[in-house]
Amino acid sequence: ATPPGRSSRSPAGRPLRRAVAALDPDPVRVALAVLAGTAAMGCAVGLMATSAWLISRAAQQPLIGVLAVAVVTVRALGIGRGVLRYVERLASHDVALRGVVALRETLYRRLAAADPARVAGLRRGDLLARVGADVDALADVVVRSLLPFGVAALTCLVTSVMVTAALPAAGLVVALSLAVAGALAPLLAAIAARRAEAGAAAARTRMTDETLGLLDAKRELVVAGAAAGRLARLRDIDAILTGRLDAAARPAALAAALSTLASGAGTLAALSLGVIAVREGRLSEVMLAVVALTPLAAAETVAALPVAAAGLVRARVAAVRVLDLLDAGGGEVSRDAGLAATGSVAGPVAGVARPMVIARDLACGWPWRPPVLTGLDLDLSPGRHVAVVGGSGCGKTTLLLTLAGLLPPVGGSLALAGPGAPGRDYADIMPAVMRRTVSFTAEDAHVFTTTVRENLRVADPGADDEHLLAVARRAGLAQWLAGTEAGLDTMLGSGGAGLSGGERRRLLLSRALLAGAGVLLLDEPGEHLDAATADTLLEELFDVDDGPAVMIVTHRVSGLARADEVIVLHRGTVAARGAHDHLLRTHPPYLDTWLAEQGRVSALSG
C-alpha cells in the first residue's frame, strides 16, 4: 500500500484530465455552454461592428430606410448578448454543480471502501481541504478556465475572419495581437500561479489543521495558556501564504498588462492600416470604423484568459491531491458485488445469521509503526459481551480499529465467520460490507449539525420514530429527549453543540445500537457520565443475551459484572482475562482498580 502523502496517481494519466473526467461532465451541457458563450461573444462582436457601421453611416445623413436594418440589428444583438450570456452561465454552472456532486459522491464511496492503510494517516484538515476546496477548484476549472478558452478561441477566429474580409492586412494584425493576448499572457499568468501554488497547498492544509484544532480545543488552550502560541503559529502560516502570493504578483501583473497592450496595439494597428486603405481607396470611410472597433469586442474575451490560466494551474494542483484520494479507494464500490463476494459471512447484510469475529495471535498497530498490542486470541460470537480495560497507551482503541477493519492487522489472523460457514479473512471482505457487519463507534465520533432524528438515521435511514425512541430509551437518551421542546426534531449545533458530554455519548450509543450490525465495537461508552450512570449503562449493554456481539473499551471496571469476559491489557500484551468475579480474585491490579472506584483501599496497598 502507498503511504499517505505519497502520490499514487497513474503515470499514464494526466491529473487534470483524469480529475475533470471524474466530474463526469455531460457532453451535451458542455457543448451548449460553449456554443451559448461563443454566440454571446459573437453578438458582442457583431454589436460593435454594426454599431460602428451605423454611427459612421448615420454621420453621412442618408435616408432613414438605409439605417433601419442596422438599427433593428443593434437591438437584436444587444438583447441576444444578454440572453445568450444567461444561457451560457446557466449551462456552465449546471455542469460545474453536477460535477461537484458526482465527484464528492465518488470520493465518499471510495474512501468508505478504501484500504485502511492508505487513508489511516490522513489528517482531518488535509481531508477537509481535499474534499472541500480542492473539489471546488476542479469544479471552477470548467466554468472559469476550460469554457473561457473555448469561447475565446472561437470568438477570436470569427473576429479575425470578419476583419480579414474587410481588410486582409488588418485581419492579419488583429489575429496576431489576439494570439499574443490569448497565448503569451495566459502563459505568464500560469507561471505566476505555479509559483504561488508551490507549497501553498501544504500551507493551506496546515492552516486548516491549526484552525480546526484551535476552534475544537479553544477552552482547553485558553485555560492552559497555549492559545496565544497557537494563534502565533496560525499567523506564521498565513505569512507563508501571503509570501507565496507576493512572489507571484509580478508575473501576474505583467500578464494582465501584456493582454491589454497586445489588444490595444492590435486595435491601433488596424486603425492605422485602415486609414491608409481609405486614403488609397481600398476601404470606405464607413468600414474604417468597423475595422478599427471590432477588435475591441474580441479583446474583452482574451482579457479573461490570464485568470483562466491561473485557474488551470490551481486546478491541476487540486487534481493531484483529489486523485490521491480517488486512487486510495481502488475501484468503484458495488453493493451487490460486495454482497456476492462475501457470501454468507456478511451476516445481517446478506440476510443470514449473525457473524463471529475470530482472532488468533493478533498483533495490532498503525501502518509503518511497531505494534502496540500482540498475542491476542479472541472469539467474539453472537450475543457474547467482552470488555477491554487497561491504562492509556496499552492498545485498546487500536484493537477496536483493527477489529472494525479500519486498520490492517500487523500480525496473526483476523477472520469473520458465520454458523455453518468457514471464516474469511478480513482482507477478503469488501470494506463496504464490513462497515455494515461490524459497527464501530469512536469516542470522538461526529455529531452532525442537524436534528436528533437525522443524527440517528445516519445508522438506519429508514427507521421510524417509534424505533428511534426505543433505541434512545435503551441508551438512556429518552429522558433528555422528553425534556426538550422539539424531541427528535431538536436541532444540534456543530460537533454536538448543545449537548453535554454524557448526552453526546448517549446519542452516539443510540446510533450504534440502531445500526443493526452483527458486531458492536464501542470506545468508552460511559465517558463523561457520572460513575453510577456509566455503570448502569454498561450493565444494560451486557443485559441482552440474544443481541449482537458487543465489545467495549472502558477505563472503569465497576460496571463489568455482567460481561462474559474482561480482557486486561498491560504494556501491549494480555495481562489477564476472565469473568469479572474471577479477576477480582486472581488479578490484584484489577482488584485495586475496582476498590479505588468503590472508594475503598485494598489490603495489598493499605
# chains A, B, ... in the order shown; residues from 1 in each chain; ligands from 1
>>> residues_around(residues="A:Ala179", least_positions_apart="2", cutoff="10 Å", atoms="only C-alpha atoms", output="PyMOL selection string")
chain A and resi 153+156-157+173-177+181-185+259+262-263+302
>>> write_last_selection(atoms="N, CA and C atoms", output="CSV table (one decimal), in the first residue's frame")
chain,number,residue,atom,x,y,z
A,153,ALA,N,-11.3,31.1,-28.2
A,153,ALA,CA,-10.7,30.6,-29.4
A,153,ALA,C,-11.7,30.8,-30.6
A,156,CYS,N,-12.2,34.7,-31.2
A,156,CYS,CA,-11.1,35.4,-31.9
A,156,CYS,C,-11.0,34.9,-33.4
A,157,LEU,N,-11.4,33.7,-33.6
A,157,LEU,CA,-11.4,33.2,-35.0
A,157,LEU,C,-12.4,33.9,-35.8
A,173,VAL,N,-3.1,41.5,-38.7
A,173,VAL,CA,-2.5,42.1,-37.5
A,173,VAL,C,-3.4,41.8,-36.2
A,174,VAL,N,-4.7,41.9,-36.4
A,174,VAL,CA,-5.7,41.6,-35.4
A,174,VAL,C,-5.5,40.2,-34.9
A,175,ALA,N,-5.4,39.2,-35.8
A,175,ALA,CA,-5.2,37.8,-35.4
A,175,ALA,C,-3.9,37.7,-34.6
A,176,LEU,N,-2.8,38.4,-35.0
A,176,LEU,CA,-1.5,38.3,-34.3
A,176,LEU,C,-1.7,38.8,-32.9
A,177,SER,N,-2.3,40.0,-32.8
A,177,SER,CA,-2.4,40.6,-31.4
A,177,SER,C,-3.3,39.7,-30.5
A,181,ALA,N,-2.2,38.1,-27.0
A,181,ALA,CA,-3.0,38.3,-25.8
A,181,ALA,C,-3.7,37.0,-25.3
A,182,GLY,N,-4.0,36.1,-26.2
A,182,GLY,CA,-4.6,34.8,-25.8
A,182,GLY,C,-3.7,33.7,-25.5
A,183,ALA,N,-2.4,33.8,-25.8
A,183,ALA,CA,-1.5,32.7,-25.6
A,183,ALA,C,-0.3,33.1,-24.6
A,184,LEU,N,0.4,34.2,-25.0
A,184,LEU,CA,1.5,34.6,-24.2
A,184,LEU,C,1.1,35.1,-22.8
A,185,ALA,N,0.1,35.9,-22.7
A,185,ALA,CA,-0.4,36.5,-21.4
A,185,ALA,C,-0.8,35.4,-20.5
A,259,SER,N,-1.7,41.5,-21.9
A,259,SER,CA,-3.0,41.2,-22.6
A,259,SER,C,-3.6,42.5,-23.0
A,262,ALA,N,-1.4,44.1,-25.9
A,262,ALA,CA,-1.5,43.4,-27.2
A,262,ALA,C,-2.8,43.7,-27.8
A,263,SER,N,-3.9,43.7,-27.1
A,263,SER,CA,-5.2,44.1,-27.7
A,263,SER,C,-5.2,45.5,-28.2
A,302,VAL,N,-10.3,37.8,-24.6
A,302,VAL,CA,-9.0,37.4,-24.2
A,302,VAL,C,-8.5,38.0,-22.9
>>> residues_around(residues="stretch 161-172 of chain A", least_positions_apart="2", cutoff="12 Å", atoms="only C-alpha atoms", output="ChimeraX atom specification")
/A:42,45-46,48-50,154-159,174-179,265-278,281-296,298
>>> closest_residue(among="A:Ala561, A:Ala226, A:Leu403, A:Tyr86", to="A:Leu583", atoms="only C-alpha atoms")
A:Ala561
>>> atom_distance(atom1="atom CA of A:Asp564", atom2="atom CA of A:Thr374")
21.8 Å
>>> residues_around(residues="A:Ile55", least_positions_apart="2", cutoff="10 Å", atoms="only C-alpha atoms", output="PDB file with N, CA and C atoms, in the first residue's frame")
ATOM      1  N   THR A  50     -21.660  46.397 -35.993  1.00  0.00           N
ATOM      2  CA  THR A  50     -22.881  47.022 -36.520  1.00  0.00           C
ATOM      3  C   THR A  50     -23.038  48.443 -35.992  1.00  0.00           C
ATOM      4  N   SER A  51     -22.728  48.638 -34.703  1.00  0.00           N
ATOM      5  CA  SER A  51     -22.830  49.978 -34.120  1.00  0.00           C
ATOM      6  C   SER A  51     -21.844  50.932 -34.779  1.00  0.00           C
ATOM      7  N   ALA A  52     -20.629  50.423 -35.042  1.00  0.00           N
ATOM      8  CA  ALA A  52     -19.625  51.265 -35.704  1.00  0.00           C
ATOM      9  C   ALA A  52     -20.103  51.664 -37.105  1.00  0.00           C
ATOM     10  N   TRP A  53     -20.648  50.676 -37.825  1.00  0.00           N
ATOM     11  CA  TRP A  53     -21.154  50.993 -39.174  1.00  0.00           C
ATOM     12  C   TRP A  53     -22.318  51.966 -39.096  1.00  0.00           C
ATOM     13  N   ARG A  57     -22.254  55.581 -40.775  1.00  0.00           N
ATOM     14  CA  ARG A  57     -23.174  55.798 -41.907  1.00  0.00           C
ATOM     15  C   ARG A  57     -24.182  56.883 -41.577  1.00  0.00           C
ATOM     16  N   ALA A  58     -24.632  56.939 -40.329  1.00  0.00           N
ATOM     17  CA  ALA A  58     -25.591  57.978 -39.949  1.00  0.00           C
ATOM     18  C   ALA A  58     -24.968  59.354 -40.062  1.00  0.00           C
ATOM     19  N   ALA A  59     -23.647  59.463 -39.859  1.00  0.00           N
ATOM     20  CA  ALA A  59     -22.968  60.757 -39.988  1.00  0.00           C
ATOM     21  C   ALA A  59     -23.051  61.289 -41.423  1.00  0.00           C
ATOM     22  N   GLN A  60     -23.288  60.417 -42.386  1.00  0.00           N
ATOM     23  CA  GLN A  60     -23.430  60.835 -43.782  1.00  0.00           C
ATOM     24  C   GLN A  60     -24.846  61.270 -44.129  1.00  0.00           C
ATOM     25  N   LEU A  67     -30.832  53.018 -42.769  1.00  0.00           N
ATOM     26  CA  LEU A  67     -30.335  52.665 -41.431  1.00  0.00           C
ATOM     27  C   LEU A  67     -31.264  51.720 -40.673  1.00  0.00           C
ATOM     28  N   ALA A  70     -29.942  48.201 -39.783  1.00  0.00           N
ATOM     29  CA  ALA A  70     -28.854  48.266 -38.806  1.00  0.00           C
ATOM     30  C   ALA A  70     -29.389  48.576 -37.410  1.00  0.00           C
ATOM     31  N   VAL A 286     -16.906  54.337 -44.000  1.00  0.00           N
ATOM     32  CA  VAL A 286     -17.811  53.665 -43.066  1.00  0.00           C
ATOM     33  C   VAL A 286     -17.185  52.381 -42.539  1.00  0.00           C
ATOM     34  N   ALA A 289     -14.469  52.410 -39.501  1.00  0.00           N
ATOM     35  CA  ALA A 289     -14.911  52.291 -38.115  1.00  0.00           C
ATOM     36  C   ALA A 289     -15.101  50.822 -37.739  1.00  0.00           C
TER      37      ALA A 289
END
>>> residues_around(residues="A:Leu414", least_positions_apart="4", cutoff="6 Å", atoms="only C-alpha atoms", output="PyMOL selection string")
chain A and resi 358-359+425
>>> select_by_dssp(residues="stretch 290-530 of chain A", states="strand (DSSP E)", output="ChimeraX atom specification")
/A:356-364,373-380,385-390,411-418,421-425,438-441,519-523
>>> write_last_selection(atoms="C-alpha atoms", output="short mmCIF file (atom, residue, chain, number, x, y, z; two decimals), in the first residue's frame")
data_model
loop_
_atom_site.label_atom_id
_atom_site.label_comp_id
_atom_site.auth_asym_id
_atom_site.auth_seq_id
_atom_site.Cartn_x
_atom_site.Cartn_y
_atom_site.Cartn_z
CA MET A 356 -18.49 -14.10 14.54
CA VAL A 357 -15.09 -12.42 14.80
CA ILE A 358 -12.16 -14.81 15.21
CA ALA A 359 -8.66 -13.55 16.04
CA ARG A 360 -5.58 -15.70 16.55
CA ASP A 361 -2.25 -14.38 17.86
CA LEU A 362 -3.43 -10.95 16.68
CA ALA A 363 -0.99 -8.05 16.64
CA CYS A 364 -2.37 -4.52 16.25
CA LEU A 373 -0.64 -4.93 21.08
CA THR A 374 0.43 -8.53 20.41
CA GLY A 375 -0.65 -12.08 21.12
CA LEU A 376 -4.44 -11.68 21.36
CA ASP A 377 -6.78 -14.62 20.80
CA LEU A 378 -10.47 -13.78 20.59
CA ASP A 379 -13.79 -15.42 19.73
CA LEU A 380 -16.46 -12.72 19.54
CA HIS A 385 -20.14 -9.46 25.65
CA VAL A 386 -16.46 -8.64 26.07
CA ALA A 387 -14.88 -5.69 27.86
CA VAL A 388 -11.30 -4.47 27.34
CA VAL A 389 -9.65 -2.49 30.13
CA GLY A 390 -6.18 -1.12 30.66
CA GLY A 411 0.41 -9.90 12.64
CA GLY A 412 -1.64 -13.01 13.32
CA SER A 413 -5.00 -13.72 11.72
CA LEU A 414 -8.37 -11.97 11.80
CA ALA A 415 -11.45 -13.51 10.21
CA LEU A 416 -15.23 -13.19 10.05
CA ALA A 417 -17.32 -16.36 10.17
CA GLY A 418 -20.94 -17.40 10.34
CA ALA A 421 -19.69 -21.13 7.03
CA PRO A 422 -15.89 -21.11 7.06
CA GLY A 423 -14.15 -17.98 8.28
CA ARG A 424 -13.00 -15.44 5.73
CA ASP A 425 -10.00 -13.25 6.29
CA VAL A 438 -19.12 -4.60 12.19
CA SER A 439 -20.18 -1.26 13.69
CA PHE A 440 -17.51 0.87 15.39
CA THR A 441 -18.38 3.93 17.47
CA VAL A 519 -20.86 -6.87 15.97
CA LEU A 520 -20.80 -3.66 18.05
CA LEU A 521 -17.46 -2.11 18.99
CA LEU A 522 -17.80 0.77 21.45
CA ASP A 523 -14.99 3.02 22.59
#
>>> residues_around(residues="stretch 496-507 of chain A", least_positions_apart="3", cutoff="9 Å", atoms="only C-alpha atoms", output="JSON, numbers by chain")
{"A": [443, 446, 447, 448, 449, 452, 455, 456, 472, 475, 476, 477, 480, 491, 492, 493, 510, 511, 512, 524, 525, 526, 527, 528, 529, 530]}
>>> select_by_dssp(residues="stretch 341-448 of chain A", states="helix (DSSP H, G or I)", output="list in words")
Ala341, Thr342, Gly343, Ser344, Val345, Ala346, Gly347, Pro348, Val349, Lys396, Thr397, Thr398, Leu399, Leu400, Leu401, Thr402, Leu403, Tyr426, Ala427, Asp428, Pro431, Ala432, Val433, Met434, Arg435, Arg436 and Thr437 of chain A
>>> atom_distance(atom1="atom CA of A:Ala232", atom2="atom CA of A:Arg206")
13.3 Å
>>> closest_atom_pairs(of="stretch 140-193 of chain A", to="stretch 312-320 of chain A", cutoff="10 Å", atoms="only C-alpha atoms", output="Markdown table")
| residue | atom | partner | partner_atom | distance |
| --- | --- | --- | --- | --- |
| A:Asp140 | CA | A:Ala315 | CA | 8.1 |
| A:Val141 | CA | A:Leu312 | CA | 6.2 |
| A:Val142 | CA | A:Leu312 | CA | 9.3 |
| A:Arg144 | CA | A:Leu312 | CA | 8.7 |
| A:Ser145 | CA | A:Leu312 | CA | 6.1 |
| A:Leu146 | CA | A:Leu312 | CA | 8.0 |
| A:Ala189 | CA | A:Val313 | CA | 9.3 |
| A:Ala190 | CA | A:Val313 | CA | 6.2 |
| A:Ile191 | CA | A:Val313 | CA | 8.5 |
| A:Ala192 | CA | A:Val313 | CA | 9.4 |
| A:Ala193 | CA | A:Val313 | CA | 6.3 |
>>> write_last_selection(atoms="N, CA, C and O atoms", output="short mmCIF file (atom, residue, chain, number, x, y, z; two decimals), in the first residue's frame")
data_model
loop_
_atom_site.label_atom_id
_atom_site.label_comp_id
_atom_site.auth_asym_id
_atom_site.auth_seq_id
_atom_site.Cartn_x
_atom_site.Cartn_y
_atom_site.Cartn_z
N ASP A 140 -14.60 24.73 -10.50
CA ASP A 140 -14.40 26.07 -11.06
C ASP A 140 -13.66 26.03 -12.39
O ASP A 140 -13.84 26.90 -13.24
N VAL A 141 -12.78 25.02 -12.56
CA VAL A 141 -11.98 24.99 -13.77
C VAL A 141 -12.85 24.84 -15.01
O VAL A 141 -12.50 25.30 -16.10
N VAL A 142 -14.00 24.19 -14.87
CA VAL A 142 -14.91 24.04 -16.01
C VAL A 142 -15.50 25.39 -16.40
O VAL A 142 -15.51 25.77 -17.57
N ARG A 144 -14.56 28.57 -15.18
CA ARG A 144 -13.68 29.74 -15.21
C ARG A 144 -12.41 29.55 -16.04
O ARG A 144 -11.64 30.50 -16.20
N SER A 145 -12.17 28.32 -16.53
CA SER A 145 -10.94 28.09 -17.27
C SER A 145 -11.18 27.42 -18.62
O SER A 145 -10.84 27.97 -19.67
N LEU A 146 -11.76 26.23 -18.60
CA LEU A 146 -11.93 25.49 -19.85
C LEU A 146 -12.89 26.18 -20.80
O LEU A 146 -12.60 26.38 -21.99
N ALA A 189 0.69 34.21 -16.80
CA ALA A 189 -0.19 34.05 -15.64
C ALA A 189 -0.06 32.65 -15.04
O ALA A 189 -0.09 32.48 -13.82
N ALA A 190 0.11 31.65 -15.90
CA ALA A 190 0.28 30.28 -15.41
C ALA A 190 1.58 30.14 -14.63
O ALA A 190 1.63 29.46 -13.59
N ILE A 191 2.65 30.80 -15.12
CA ILE A 191 3.93 30.77 -14.39
C ILE A 191 3.76 31.41 -13.02
O ILE A 191 4.25 30.89 -12.00
N ALA A 192 3.06 32.54 -12.98
CA ALA A 192 2.82 33.21 -11.70
C ALA A 192 2.03 32.32 -10.76
O ALA A 192 2.33 32.21 -9.56
N ALA A 193 1.00 31.67 -11.29
CA ALA A 193 0.17 30.81 -10.45
C ALA A 193 0.96 29.61 -9.95
O ALA A 193 0.78 29.17 -8.81
#
